[in-house]
$ cat query_5.txt   # compact mmCIF, C-alpha atoms
# COMPACT_ATOMS: atom_id res chain seq x y z
CA MET N 1 122.24 94.64 70.43
CA LYS N 2 118.79 93.59 69.27
CA LEU N 3 116.63 91.23 71.33
CA GLU N 4 113.28 89.78 70.36
CA LEU N 5 111.07 88.43 73.14
CA LEU N 6 108.73 85.80 71.71
CA LYS N 7 105.87 85.76 74.20
CA ALA N 8 103.42 82.88 74.56
CA LYS N 9 100.64 84.01 76.87
CA VAL N 10 99.85 81.56 79.68
CA LYS N 11 96.33 81.82 81.10
CA ASN N 12 96.29 78.61 83.13
CA VAL N 13 98.64 75.84 84.25
CA VAL N 14 97.77 72.18 84.81
CA TRP N 15 99.54 68.88 85.40
CA GLY N 16 99.59 66.43 82.49
CA GLU N 17 101.47 63.75 80.58
CA LYS N 18 103.65 66.13 78.58
CA THR N 19 104.92 69.65 79.13
CA ALA N 20 103.38 71.69 76.32
CA MET N 21 101.18 74.67 75.53
CA LEU N 22 97.58 73.58 74.94
CA ALA N 23 94.76 75.49 73.30
CA GLY N 24 93.47 78.54 75.14
CA GLY N 25 96.79 79.48 76.71
CA VAL N 26 96.95 76.45 79.00
CA LEU N 27 100.46 75.39 80.05
CA GLN N 28 100.46 71.65 80.75
CA VAL N 29 103.36 70.44 82.90
CA ASN N 30 104.66 66.92 83.43
CA LYS N 31 105.46 66.99 87.14
CA GLU N 32 107.89 64.05 87.03
CA ASP N 33 109.93 65.61 84.22
CA LEU N 34 109.96 68.95 86.02
CA LEU N 35 111.26 67.42 89.25
CA ALA N 36 113.83 65.38 87.32
CA ALA N 37 115.12 68.61 85.76
CA VAL N 38 115.69 70.21 89.17
CA ASN N 39 116.73 67.11 91.10
CA GLU N 40 120.15 67.33 89.48
CA VAL N 41 120.76 69.86 92.21
CA GLN N 42 122.15 68.24 95.34
CA ASN N 43 121.45 69.01 99.01
CA PHE N 44 117.71 68.27 98.93
CA LYS N 45 116.05 65.97 101.43
CA LYS N 46 112.75 66.44 99.62
CA ILE N 47 111.42 68.56 96.78
CA SER N 48 107.82 68.71 95.68
CA ALA N 49 105.85 70.78 93.18
CA GLU N 50 102.45 72.43 93.50
CA ILE N 51 100.32 74.71 91.31
CA ALA N 52 98.80 78.00 92.48
CA ARG N 53 96.54 79.94 90.12
CA PRO N 54 95.14 83.48 90.35
CA GLY N 55 91.96 83.67 92.41
CA GLU N 56 92.44 80.35 94.20
CA SER N 57 92.20 80.16 97.98
CA VAL N 58 95.92 79.41 98.30
CA ARG N 59 98.73 80.87 100.39
CA ILE N 60 102.41 80.30 99.53
CA VAL N 61 104.87 80.78 102.40
CA PRO N 62 107.79 81.26 102.88
CA VAL N 63 108.58 82.46 99.34
CA LYS N 64 112.26 82.79 98.43
CA ASP N 65 112.30 83.78 94.74
CA VAL N 66 110.10 84.07 91.67
CA ILE N 67 111.40 83.42 88.14
CA GLU N 68 109.75 83.82 84.73
CA PRO N 69 110.22 80.81 82.40
CA ARG N 70 112.48 81.81 79.47
CA CYS N 71 114.90 80.13 77.08
CA LYS N 72 116.95 81.14 74.04
CA VAL N 73 115.77 80.24 70.55
CA GLY N 74 118.18 78.87 67.95
CA ASP N 75 121.17 80.50 69.57
CA GLU N 76 124.35 79.33 71.21
CA SER N 77 123.88 81.58 74.23
CA GLU N 78 121.77 80.57 77.24
CA VAL N 79 119.60 82.41 79.75
CA PHE N 80 120.88 82.89 83.31
CA PRO N 81 124.53 83.02 82.18
CA GLY N 82 127.06 82.06 84.83
CA MET N 83 124.35 80.37 86.87
CA ILE N 84 123.11 77.41 84.86
CA GLY N 85 124.23 78.63 81.44
CA ASP N 86 127.52 79.60 79.86
CA VAL N 87 129.07 82.96 80.75
CA GLU N 88 128.86 84.32 77.20
CA SER N 89 127.09 87.67 76.85
CA VAL N 90 123.32 87.59 76.44
CA GLY N 91 120.77 90.17 75.36
CA SER N 92 120.58 89.56 71.61
CA GLY N 93 118.85 87.11 69.31
CA GLN N 94 115.52 85.60 70.28
CA THR N 95 114.21 84.58 73.70
CA PHE N 96 111.06 82.52 74.22
CA VAL N 97 108.93 83.64 77.18
CA LEU N 98 106.03 81.96 78.97
CA GLU N 99 104.33 85.21 79.93
CA GLY N 100 101.83 84.81 82.74
CA ALA N 101 103.63 81.82 84.24
CA ALA N 102 106.16 81.83 87.07
CA VAL N 103 108.31 79.47 89.08
CA VAL N 104 108.11 80.17 92.82
CA THR N 105 110.70 78.70 95.19
CA CYS N 106 109.53 78.04 98.72
CA GLY N 107 111.78 77.08 101.61
CA LYS N 108 112.72 78.00 105.19
CA ILE N 109 116.14 79.40 104.35
CA VAL N 110 116.30 82.28 106.81
CA GLY N 111 112.71 82.12 107.97
CA PHE N 112 112.21 85.72 108.98
CA GLN N 113 113.33 87.06 105.60
CA GLU N 114 111.20 85.16 103.16
CA GLY N 115 107.71 86.28 102.20
CA ILE N 116 104.04 85.52 101.63
CA VAL N 117 102.11 85.28 98.36
CA ASP N 118 98.32 84.98 98.62
CA MET N 119 96.50 84.05 95.43
CA SER N 120 93.21 85.57 96.60
CA GLY N 121 91.85 87.77 99.38
CA THR N 122 93.27 91.04 100.69
CA GLY N 123 96.89 89.98 100.38
CA ALA N 124 96.53 89.23 96.67
CA ASP N 125 96.01 92.94 96.03
CA TYR N 126 99.55 93.71 97.23
CA THR N 127 101.70 91.13 95.45
CA PRO N 128 102.15 91.02 91.67
CA PHE N 129 102.60 87.25 91.88
CA SER N 130 98.95 86.66 92.74
CA LYS N 131 98.34 87.39 89.04
CA THR N 132 100.77 84.79 87.67
CA ASN N 133 100.10 81.08 87.16
CA ASN N 134 102.63 79.66 89.58
CA VAL N 135 104.53 76.39 89.61
CA VAL N 136 105.76 76.22 93.20
CA LEU N 137 108.82 74.23 94.27
CA VAL N 138 108.74 73.36 97.98
CA ILE N 139 112.29 72.49 98.99
CA GLU N 140 113.49 70.75 102.15
CA PRO N 141 117.26 70.65 102.67
CA LYS N 142 119.34 67.71 103.77
CA ASP N 143 119.98 67.56 107.50
CA GLY N 144 123.00 69.55 108.61
CA ILE N 145 123.39 71.52 105.39
CA GLU N 146 124.89 75.01 105.68
CA ILE N 147 122.31 77.74 105.10
CA TYR N 148 124.34 79.17 102.20
CA GLU N 149 124.25 75.84 100.39
CA TYR N 150 120.50 75.60 101.00
CA GLU N 151 119.98 79.04 99.45
CA LYS N 152 122.14 78.13 96.46
CA ALA N 153 120.26 74.85 95.95
CA CYS N 154 116.92 76.67 95.97
CA ARG N 155 118.24 79.34 93.61
CA ILE N 156 119.61 76.88 91.07
CA ALA N 157 116.50 74.68 91.28
CA GLY N 158 114.26 77.64 90.49
CA LEU N 159 116.37 78.68 87.51
CA ARG N 160 116.50 75.12 86.16
CA ALA N 161 112.73 74.79 86.50
CA ALA N 162 112.16 78.04 84.63
CA VAL N 163 114.40 76.99 81.74
CA TYR N 164 112.86 73.49 81.66
CA LEU N 165 109.31 74.85 81.35
CA ALA N 166 110.16 77.28 78.55
CA THR N 167 112.37 74.82 76.65
CA ALA N 168 109.95 71.91 76.89
CA ALA N 169 107.01 74.05 75.79
CA LEU N 170 108.99 75.45 72.87
CA GLU N 171 110.19 72.00 71.77
CA ALA N 172 106.60 70.76 71.95
CA GLY N 173 105.61 73.36 69.37
CA ALA N 174 104.53 76.38 71.43
CA LYS N 175 104.13 79.54 69.37
CA ALA N 176 104.47 83.16 70.36
CA ASP N 177 101.32 85.24 70.61
CA GLU N 178 103.34 88.44 70.24
CA THR N 179 106.90 89.62 69.73
CA GLU N 180 108.54 92.55 71.53
CA THR N 181 111.75 93.99 70.12
CA TYR N 182 114.36 95.88 72.13
CA GLU N 183 117.33 97.60 70.52
CA LEU N 184 119.64 100.51 71.28
CA PRO N 185 122.41 101.91 69.07
CA SER N 186 126.07 101.92 70.05
CA PHE N 187 127.20 104.64 72.43
CA ALA N 188 128.95 106.43 69.58
CA LYS N 189 125.71 106.68 67.62
CA ALA N 190 123.56 107.31 70.69
CA MET N 191 125.46 110.46 71.61
CA THR N 192 124.37 112.22 68.41
CA ALA N 193 120.97 110.59 68.01
CA HIS N 194 117.79 112.49 68.87
CA PRO N 195 119.29 115.99 69.08
CA GLY N 196 117.46 118.23 71.49
CA LEU N 197 116.32 115.40 73.77
CA PRO N 198 117.93 115.00 77.20
CA LYS N 199 120.31 112.05 77.47
CA VAL N 200 119.20 109.79 80.32
CA ALA N 201 120.83 106.73 81.88
CA TYR N 202 119.61 104.34 84.55
CA LEU N 203 121.67 103.69 87.70
CA TYR N 204 120.52 100.25 88.83
CA MET N 205 121.40 99.57 92.49
CA LEU N 206 121.72 95.90 93.45
CA GLN N 207 121.38 94.46 96.96
CA THR N 208 124.83 93.12 97.89
CA GLN N 209 125.19 93.50 101.66
CA GLY N 210 126.20 89.87 102.11
CA LEU N 211 125.03 87.32 104.69
CA LEU N 212 122.45 86.10 102.16
CA HIS N 213 121.75 89.65 100.98
CA ASP N 214 123.16 88.88 97.54
CA THR N 215 122.62 89.55 93.85
CA TYR N 216 124.53 87.87 91.04
CA VAL N 217 125.69 89.33 87.71
CA TYR N 218 126.69 86.69 85.16
CA GLY N 219 127.09 84.38 88.15
CA LEU N 220 129.43 86.76 89.98
CA ASP N 221 128.56 87.94 93.49
CA GLY N 222 127.69 91.62 93.09
CA LYS N 223 129.79 92.58 96.12
CA LYS N 224 132.85 91.84 94.02
CA ILE N 225 132.08 94.11 91.07
CA ILE N 226 132.88 97.73 90.51
CA PRO N 227 130.06 99.69 88.87
CA SER N 228 129.75 98.65 85.25
CA LEU N 229 127.89 99.39 82.06
CA ILE N 230 125.37 96.75 81.06
CA HIS N 231 123.07 96.65 78.07
CA PRO N 232 119.44 96.79 79.20
CA ASN N 233 118.68 93.73 77.08
CA GLU N 234 121.04 91.60 79.16
CA THR N 235 118.72 91.87 82.15
CA MET N 236 115.89 90.34 80.10
CA ASP N 237 117.98 87.20 79.51
CA GLY N 238 118.71 86.70 83.21
CA ALA N 239 122.13 88.33 83.48
CA ILE N 240 121.03 89.56 86.94
CA VAL N 241 119.72 86.93 89.37
CA SER N 242 118.41 87.37 92.89
CA GLY N 243 120.11 85.49 95.71
CA ASN N 244 118.42 87.61 98.34
CA CYS N 245 116.90 86.50 101.59
CA VAL N 246 115.87 90.00 102.62
CA SER N 247 112.56 91.65 103.52
CA ALA N 248 110.04 90.34 101.02
CA CYS N 249 108.33 93.64 100.26
CA ASP N 250 111.21 95.28 98.38
CA LYS N 251 113.32 92.29 97.37
CA ASN N 252 113.82 92.33 93.59
CA SER N 253 112.95 88.79 92.63
CA THR N 254 114.65 87.37 89.54
CA TYR N 255 111.28 87.76 87.77
CA VAL N 256 111.43 91.51 88.45
CA HIS N 257 114.98 91.78 87.11
CA GLN N 258 113.82 89.96 83.96
CA ASN N 259 110.91 92.40 83.59
CA ASN N 260 112.43 95.58 85.03
CA PRO N 261 109.70 98.22 84.52
CA VAL N 262 112.20 101.09 84.74
CA ILE N 263 114.08 99.73 81.75
CA LYS N 264 110.86 99.14 79.84
CA ALA N 265 109.60 102.65 80.58
CA LEU N 266 112.89 104.19 79.42
CA TYR N 267 112.70 102.14 76.23
CA ASP N 268 109.11 103.32 75.69
CA ARG N 269 110.13 106.97 76.00
CA HIS N 270 113.34 106.64 73.98
CA GLY N 271 113.28 108.95 70.98
CA LYS N 272 110.08 110.63 72.18
CA ASP N 273 111.03 112.83 75.13
CA ILE N 274 114.37 111.31 76.20
CA ASN N 275 117.45 109.74 74.63
CA PHE N 276 117.95 106.52 76.63
CA ILE N 277 121.72 106.00 76.71
CA GLY N 278 122.02 102.82 78.77
CA VAL N 279 122.30 101.19 82.19
CA ILE N 280 124.94 101.39 84.93
CA ILE N 281 124.81 98.68 87.58
CA THR N 282 126.21 99.31 91.04
CA ASN N 283 126.24 97.53 94.39
CA GLU N 284 125.12 98.29 97.93
CA ASN N 285 127.97 97.29 100.21
CA VAL N 286 128.14 97.88 103.95
CA THR N 287 131.24 99.92 104.74
CA LEU N 288 131.62 103.63 104.13
CA ALA N 289 134.74 103.11 102.02
CA GLU N 290 132.95 100.62 99.77
CA LYS N 291 129.98 102.94 99.42
CA ARG N 292 132.21 105.84 98.44
CA ARG N 293 134.11 103.73 95.92
CA SER N 294 130.98 102.50 94.20
CA SER N 295 129.21 105.85 94.28
CA ALA N 296 132.20 107.76 92.90
CA TYR N 297 132.74 105.19 90.16
CA SER N 298 129.05 105.09 89.19
CA ILE N 299 128.74 108.84 88.81
CA LYS N 300 132.07 108.97 86.96
CA LEU N 301 130.61 106.56 84.39
CA ALA N 302 127.48 108.71 84.09
CA GLU N 303 129.64 111.80 83.58
CA MET N 304 131.74 110.03 80.94
CA LEU N 305 128.54 109.15 79.09
CA GLY N 306 127.60 112.83 79.12
CA VAL N 307 124.10 112.22 80.44
CA ASP N 308 121.78 115.00 81.53
CA GLY N 309 119.75 112.84 83.88
CA LEU N 310 119.87 109.67 85.95
CA VAL N 311 117.03 107.47 87.15
CA ILE N 312 118.32 105.76 90.32
CA SER N 313 116.54 102.79 91.89
CA GLU N 314 117.31 101.32 95.31
CA GLU N 315 116.94 97.77 96.58
CA GLY N 316 116.28 97.28 100.27
CA PHE N 317 116.16 99.88 103.01
CA GLY N 318 118.13 101.23 105.94
CA ASN N 319 121.81 100.79 105.13
CA PRO N 320 121.23 101.09 101.33
CA ASP N 321 119.49 104.44 101.87
CA ALA N 322 122.98 105.86 102.39
CA ASP N 323 124.07 104.59 98.95
CA LEU N 324 120.95 106.03 97.35
CA ILE N 325 121.46 109.51 98.78
CA MET N 326 125.21 109.46 98.14
CA ASN N 327 124.59 108.64 94.48
CA CYS N 328 122.00 111.41 94.25
CA ARG N 329 124.23 114.08 95.83
CA ARG N 330 127.28 113.21 93.71
CA ALA N 331 125.25 113.33 90.50
CA GLU N 332 123.47 116.56 91.32
CA LYS N 333 126.76 118.19 92.36
CA ILE N 334 128.12 117.84 88.81
CA GLY N 335 124.88 118.94 87.16
CA ILE N 336 123.22 115.60 86.45
CA LYS N 337 119.54 115.72 87.42
CA THR N 338 118.25 112.72 89.34
CA VAL N 339 115.00 110.92 90.02
CA LEU N 340 115.09 108.39 92.86
CA ILE N 341 112.89 105.31 93.22
CA THR N 342 112.62 103.83 96.71
CA ASP N 343 110.04 102.73 99.24
CA GLU N 344 109.37 103.88 102.80
CA PHE N 345 109.59 102.53 106.32
CA ALA N 346 107.64 105.37 107.86
CA GLY N 347 106.09 103.54 110.82
CA ARG N 348 102.69 101.94 111.00
CA ASP N 349 101.03 105.37 111.20
CA GLY N 350 103.16 106.75 108.36
CA GLY N 351 104.47 109.50 110.62
CA SER N 352 108.15 108.57 110.91
CA GLN N 353 111.08 109.52 108.68
CA SER N 354 110.73 107.45 105.52
CA LEU N 355 114.43 106.90 104.77
CA ALA N 356 117.47 106.45 106.98
CA ASP N 357 119.26 109.24 105.08
CA ALA N 358 118.17 112.38 103.26
CA ALA N 359 119.54 115.36 101.32
CA LYS N 360 118.10 118.54 99.87
CA GLU N 361 119.29 117.42 96.43
CA ALA N 362 116.82 114.52 96.58
CA ASP N 363 113.90 116.63 95.39
CA ALA N 364 112.40 114.20 92.86
CA VAL N 365 111.54 110.92 94.58
CA VAL N 366 109.11 108.14 93.61
CA THR N 367 107.89 105.81 96.36
CA GLY N 368 106.70 102.22 96.15
CA GLY N 369 104.68 102.64 99.36
CA ASN N 370 105.07 102.34 103.13
CA ALA N 371 106.22 98.84 104.10
CA ASN N 372 105.14 99.34 107.72
CA MET N 373 101.46 99.59 106.83
CA MET N 374 99.46 96.90 108.63
CA ILE N 375 97.30 94.37 106.82
CA VAL N 376 95.16 91.39 107.85
CA LEU N 377 95.30 88.39 105.53
CA PRO N 378 92.17 86.21 105.71
CA PRO N 379 92.42 82.46 106.28
CA LEU N 380 92.75 80.55 103.01
CA GLU N 381 91.80 76.97 102.24
CA LYS N 382 95.25 75.71 101.25
CA VAL N 383 98.79 76.53 102.36
CA ILE N 384 101.73 75.60 100.15
CA GLY N 385 104.89 75.48 102.26
CA TYR N 386 105.16 76.10 105.97
CA THR N 387 103.40 78.52 108.33
CA ASP N 388 105.66 78.02 111.35
CA TYR N 389 107.76 81.10 110.57
CA VAL N 390 104.87 83.55 110.12
CA ASP N 391 105.24 85.03 113.61
CA VAL N 392 108.90 85.87 113.06
CA ILE N 393 108.82 86.81 109.39
CA ALA N 394 109.97 90.40 108.78
CA GLY N 395 106.83 92.45 109.33
CA GLY N 396 105.29 89.87 111.65
CA PHE N 397 105.23 89.56 115.42
CA ASP N 398 104.33 87.10 118.14
CA GLY N 399 100.66 86.36 117.51
CA SER N 400 100.63 87.34 113.81
CA LEU N 401 99.31 83.90 112.90
CA ARG N 402 95.87 83.66 114.45
CA ALA N 403 94.01 80.53 115.50
CA ASP N 404 91.60 80.80 112.55
CA GLY N 405 94.47 80.90 110.04
CA SER N 406 94.33 84.63 109.39
CA ILE N 407 97.57 86.62 109.61
CA GLU N 408 98.19 90.19 110.78
CA VAL N 409 101.45 91.59 109.39
CA GLU N 410 103.07 94.66 107.94
CA LEU N 411 103.26 94.92 104.15
CA GLN N 412 106.93 94.12 104.68
CA ALA N 413 105.96 90.42 104.75
CA ILE N 414 104.22 90.46 101.34
CA THR N 415 106.45 89.49 98.43
CA GLY N 416 106.92 92.46 96.11
CA ALA N 417 104.43 94.73 97.90
CA THR N 418 106.62 97.86 97.88
CA CYS N 419 108.97 97.00 95.01
CA GLU N 420 111.47 99.79 94.40
CA LEU N 421 111.43 99.18 90.66
CA GLY N 422 107.72 99.98 90.58
CA PHE N 423 106.70 96.37 89.94
CA ASN N 424 103.72 96.82 92.26
CA LYS N 425 100.55 98.87 92.67
CA LEU N 426 101.41 101.24 95.53
CA GLY N 427 102.72 104.80 95.65
CA ALA N 428 102.06 108.11 97.34
CA LYS N 429 100.24 111.33 96.53
CA THR N 430 100.72 114.84 97.89
CA TRP N 431 97.45 116.44 98.92

$ encode --input "query_5.txt" --output "structure tokens"
Amino acid sequence: MKLELLKAKVKNVVWGEKTAMLAGGVLQVNKEDLLAAVNEVQNFKKISAEIARPGESVRIVPVKDVIEPRCKVGDESEVFPGMIGDVESVGSGQTFVLEGAAVVTCGKIVGFQEGIVDMSGTGADYTPFSKTNNVVLVIEPKDGIEIYEYEKACRIAGLRAAVYLATAALEAGAKADETETYELPSFAKAMTAHPGLPKVAYLYMLQTQGLLHDTYVYGLDGKKIIPSLIHPNETMDGAIVSGNCVSACDKNSTYVHQNNPVIKALYDRHGKDINFIGVIITNENVTLAEKRRSSAYSIKLAEMLGVDGLVISEEGFGNPDADLIMNCRRAEKIGIKTVLITDEFAGRDGGSQSLADAAKEADAVVTGGNANMMIVLPPLEKVIGYTDYVDVIAGGFDGSLRADGSIEVELQAITGATCELGFNKLGAKTW
């Protein structure tokens, strides 16, 4: 499978008469057309759109998801298959990308498990989405709607908005500033390619604990899958979509799945110091039997591929720590070396046990930072969304929102702050 990402670089976003790319990397958006594209989704009492640019004195809260605008070019397949597109396989052909732009969905779905994005100030240093030019959808549900339908409506609206922006810009004549190409050979060829280099696969753990802790693969709830092989290119076309209302710090937003830095790093090193074989996706279910089933099946697939090493990334914390360590121990037991990517909940002083589970085999671990670290967000001039959940948001407490508009919270409340795919700026160092 060969995929070309045609990237138009967005440096600013403004409202205007027509959705199009203007000179200087300016994305102009027709607000009425945008809202018409997402208003096909039912269950809204009200939906509005705002713009938030890097460096502005703007706070977005509560953030549900972030999506990068993408669409297919001259191809029968569609991005976000099984969600708003067909269920045909994706990951090949050409995909147009508005790099530097993002759709942010904002709504009080669960309240305590959405997040904060600050476009300037201290908080901006901890979220990658303070650097994107954001089109924000603020979504109010109809009265009496079930929370699951509200989440779905927000999810579909965000995906529709992302496709609308990319498609409209492309149809208006937008051109790519650069093209990135991603291609791997078939498994048969990969096994004999690059002799002497270790064969490495990626075990991609997806949050699937249920009760709005959900991830979708080709539109299918990840709880219902058994571990499967997936081409890394499929993720870039939106085969994996976030439906999560979990702690904001280490939730993998759809944007992060589209731009998975682990996959990109493995591609970069392919043929140099590793032979990148492919990706195994697995879930994070809640019962011991389900964990054992998925872990055993995942490592069986890795063994069948004959890999020498596995990079394993987690999503979430607590219960999923058991899946992470189980996967590590099973792989190491049969001679497959592992590197784990996680984050930590080590207490506000950093002195507590970082993970809920541990094993001596887990001797190569990368951290995305300590989510319990405290931070004070300064008051900002504009708030997009609602601040009434700040005191109960995960990482907050009674009194987090101060009278002057500043907020004291743990990093847990900042969207993407301790991302376990490394889509952030934190880590740890041994002294």

$ closest_atom_pairs --input "query_5.txt" --of "stretch 326-406 of chain N" --to "stretch 87-110 of chain N" --cutoff "8 Å" --atoms "only C-alpha atoms" --output "CSV"
residue,atom,partner,partner_atom,distance
N:Gly385,CA,N:Cys106,CA,6.4
N:Tyr386,CA,N:Lys108,CA,7.8
N:Tyr389,CA,N:Lys108,CA,7.9

$ write_last_selection --input "query_5.txt" --atoms "C-alpha atoms" --output "mmCIF file, in the coordinates of the input"
data_model
loop_
_atom_site.group_PDB
_atom_site.id
_atom_site.type_symbol
_atom_site.label_atom_id
_atom_site.label_comp_id
_atom_site.auth_asym_id
_atom_site.auth_seq_id
_atom_site.Cartn_x
_atom_site.Cartn_y
_atom_site.Cartn_z
ATOM 1 C CA GLY N 385 104.890 75.480 102.260
ATOM 2 C CA TYR N 386 105.160 76.100 105.970
ATOM 3 C CA TYR N 389 107.760 81.100 110.570
#

$ residues_around --input "query_5.txt" --residues "stretch 362-369 of chain N" --least-positions-apart "5" --cutoff "9 Å" --atoms "all atoms listed in the file" --output "PyMOL selection string"
chain N and resi 250+325+328-329+332+338-345+417-428

$ closest_atom_pairs --input "query_5.txt" --of "stretch 157-198 of chain N" --to "stretch 8-25 of chain N" --cutoff "12 Å" --atoms "only C-alpha atoms" --output "JSON lines"
{"residue": "N:Ala161", "atom": "CA", "partner": "N:Thr19", "partner_atom": "CA", "distance": 11.9}
{"residue": "N:Tyr164", "atom": "CA", "partner": "N:Thr19", "partner_atom": "CA", "distance": 9.2}
{"residue": "N:Leu165", "atom": "CA", "partner": "N:Thr19", "partner_atom": "CA", "distance": 7.2}
{"residue": "N:Ala166", "atom": "CA", "partner": "N:Ala20", "partner_atom": "CA", "distance": 9.1}
{"residue": "N:Thr167", "atom": "CA", "partner": "N:Thr19", "partner_atom": "CA", "distance": 9.4}
{"residue": "N:Ala168", "atom": "CA", "partner": "N:Thr19", "partner_atom": "CA", "distance": 6.0}
{"residue": "N:Ala169", "atom": "CA", "partner": "N:Ala20", "partner_atom": "CA", "distance": 4.4}
{"residue": "N:Leu170", "atom": "CA", "partner": "N:Ala20", "partner_atom": "CA", "distance": 7.6}
{"residue": "N:Glu171", "atom": "CA", "partner": "N:Ala20", "partner_atom": "CA", "distance": 8.2}
{"residue": "N:Ala172", "atom": "CA", "partner": "N:Ala20", "partner_atom": "CA", "distance": 5.5}
{"residue": "N:Gly173", "atom": "CA", "partner": "N:Ala20", "partner_atom": "CA", "distance": 7.5}
{"residue": "N:Ala174", "atom": "CA", "partner": "N:Met21", "partner_atom": "CA", "distance": 5.6}
{"residue": "N:Lys175", "atom": "CA", "partner": "N:Ala8", "partner_atom": "CA", "distance": 6.2}
{"residue": "N:Ala176", "atom": "CA", "partner": "N:Ala8", "partner_atom": "CA", "distance": 4.3}
{"residue": "N:Asp177", "atom": "CA", "partner": "N:Ala8", "partner_atom": "CA", "distance": 5.1}
{"residue": "N:Glu178", "atom": "CA", "partner": "N:Ala8", "partner_atom": "CA", "distance": 7.0}
{"residue": "N:Thr179", "atom": "CA", "partner": "N:Ala8", "partner_atom": "CA", "distance": 9.0}
{"residue": "N:Glu180", "atom": "CA", "partner": "N:Ala8", "partner_atom": "CA", "distance": 11.4}

$ closest_atom_pairs --input "query_5.txt" --of "stretch 175-209 of chain N" --to "stretch 286-290 of chain N" --cutoff "12 Å" --atoms "all atoms listed in the file" --output "tab-separated table"
residue	atom	partner	partner_atom	distance
N:Gln207	CA	N:Val286	CA	10.3
N:Thr208	CA	N:Val286	CA	8.4
N:Gln209	CA	N:Val286	CA	5.8

$ atom_distance --input "query_5.txt" --atom1 "atom CA of N:Cys154" --atom2 "atom CA of N:Leu411"
24.2 Å

$ atom_distance --input "query_5.txt" --atom1 "atom CA of N:Gly82" --atom2 "atom CA of N:Tyr218"
4.7 Å

$ closest_residue --input "query_5.txt" --among "N:Met119, N:Ala265, N:Met374, N:Leu203" --to "N:Val58" --atoms "only C-alpha atoms"
N:Met119

$ axis_aligned_box --input "query_5.txt" --around "stretch 295-314 of chain N" --padding-each-side "6 Å" --output "AutoDock Vina command-line options"
--center_x 124.6 --center_y 108.2 --center_z 87.2 --size_x 28.2 --size_y 25.7 --size_z 28.2

$ atom_distance --input "query_5.txt" --atom1 "atom CA of N:Gly210" --atom2 "atom CA of N:Gln113"
13.6 Å

$ closest_residue --input "query_5.txt" --among "N:Pro378, N:Gly238, N:Gly123, N:Gly399" --to "N:Cys71" --atoms "all atoms listed in the file"
N:Gly238

$ closest_residue --input "query_5.txt" --among "N:Arg155, N:Gly222, N:Asn244, N:Tyr202" --to "N:Leu266" --atoms "only C-alpha atoms"
N:Tyr202

$ closest_residue --input "query_5.txt" --among "N:Lys251, N:Arg293, N:Lys45, N:Lys223" --to "N:Thr415" --atoms "all atoms listed in the file"
N:Lys251

$ closest_residue --input "query_5.txt" --among "N:Ser352, N:Pro69, N:Pro141, N:Ser48" --to "N:Thr254" --atoms "only C-alpha atoms"
N:Pro69

$ residues_near_point --input "query_5.txt" --point "(130.5, 102.8, 71.2)" --cutoff "12 Å" --atoms "all atoms listed in the file" --output "VMD selection string"
chain N and resid 1 184 to 192 229 231 277 to 278 305

$ residues_around --input "query_5.txt" --residues "N:Ala36" --least-positions-apart "4" --cutoff "12 Å" --atoms "all atoms listed in the file" --output "PyMOL selection string"
chain N and resi 30-32+40-42+47-49+157+160-161+164

$ closest_residue --input "query_5.txt" --among "N:Gly121, N:Pro227, N:Gly306, N:Pro232" --to "N:Asn327" --atoms "all atoms listed in the file"
N:Pro227

$ residues_near_point --input "query_5.txt" --point "(94.9, 85.5, 90.0)" --cutoff "7 Å" --atoms "all atoms listed in the file" --output "tab-separated table (two decimals) with C-alpha atoms, in the coordinates of the input"
chain	number	residue	atom	x	y	z
N	53	ARG	CA	96.54	79.94	90.12
N	54	PRO	CA	95.14	83.48	90.35
N	55	GLY	CA	91.96	83.67	92.41
N	119	MET	CA	96.50	84.05	95.43
N	120	SER	CA	93.21	85.57	96.60
N	130	SER	CA	98.95	86.66	92.74
N	131	LYS	CA	98.34	87.39	89.04
N	132	THR	CA	100.77	84.79	87.67

$ residues_around --input "query_5.txt" --residues "N:Pro379" --least-positions-apart "6" --cutoff "12 Å" --atoms "only C-alpha atoms" --output "NGL selection string"
:N and (57-59 or 118-123 or 387 or 401-408)
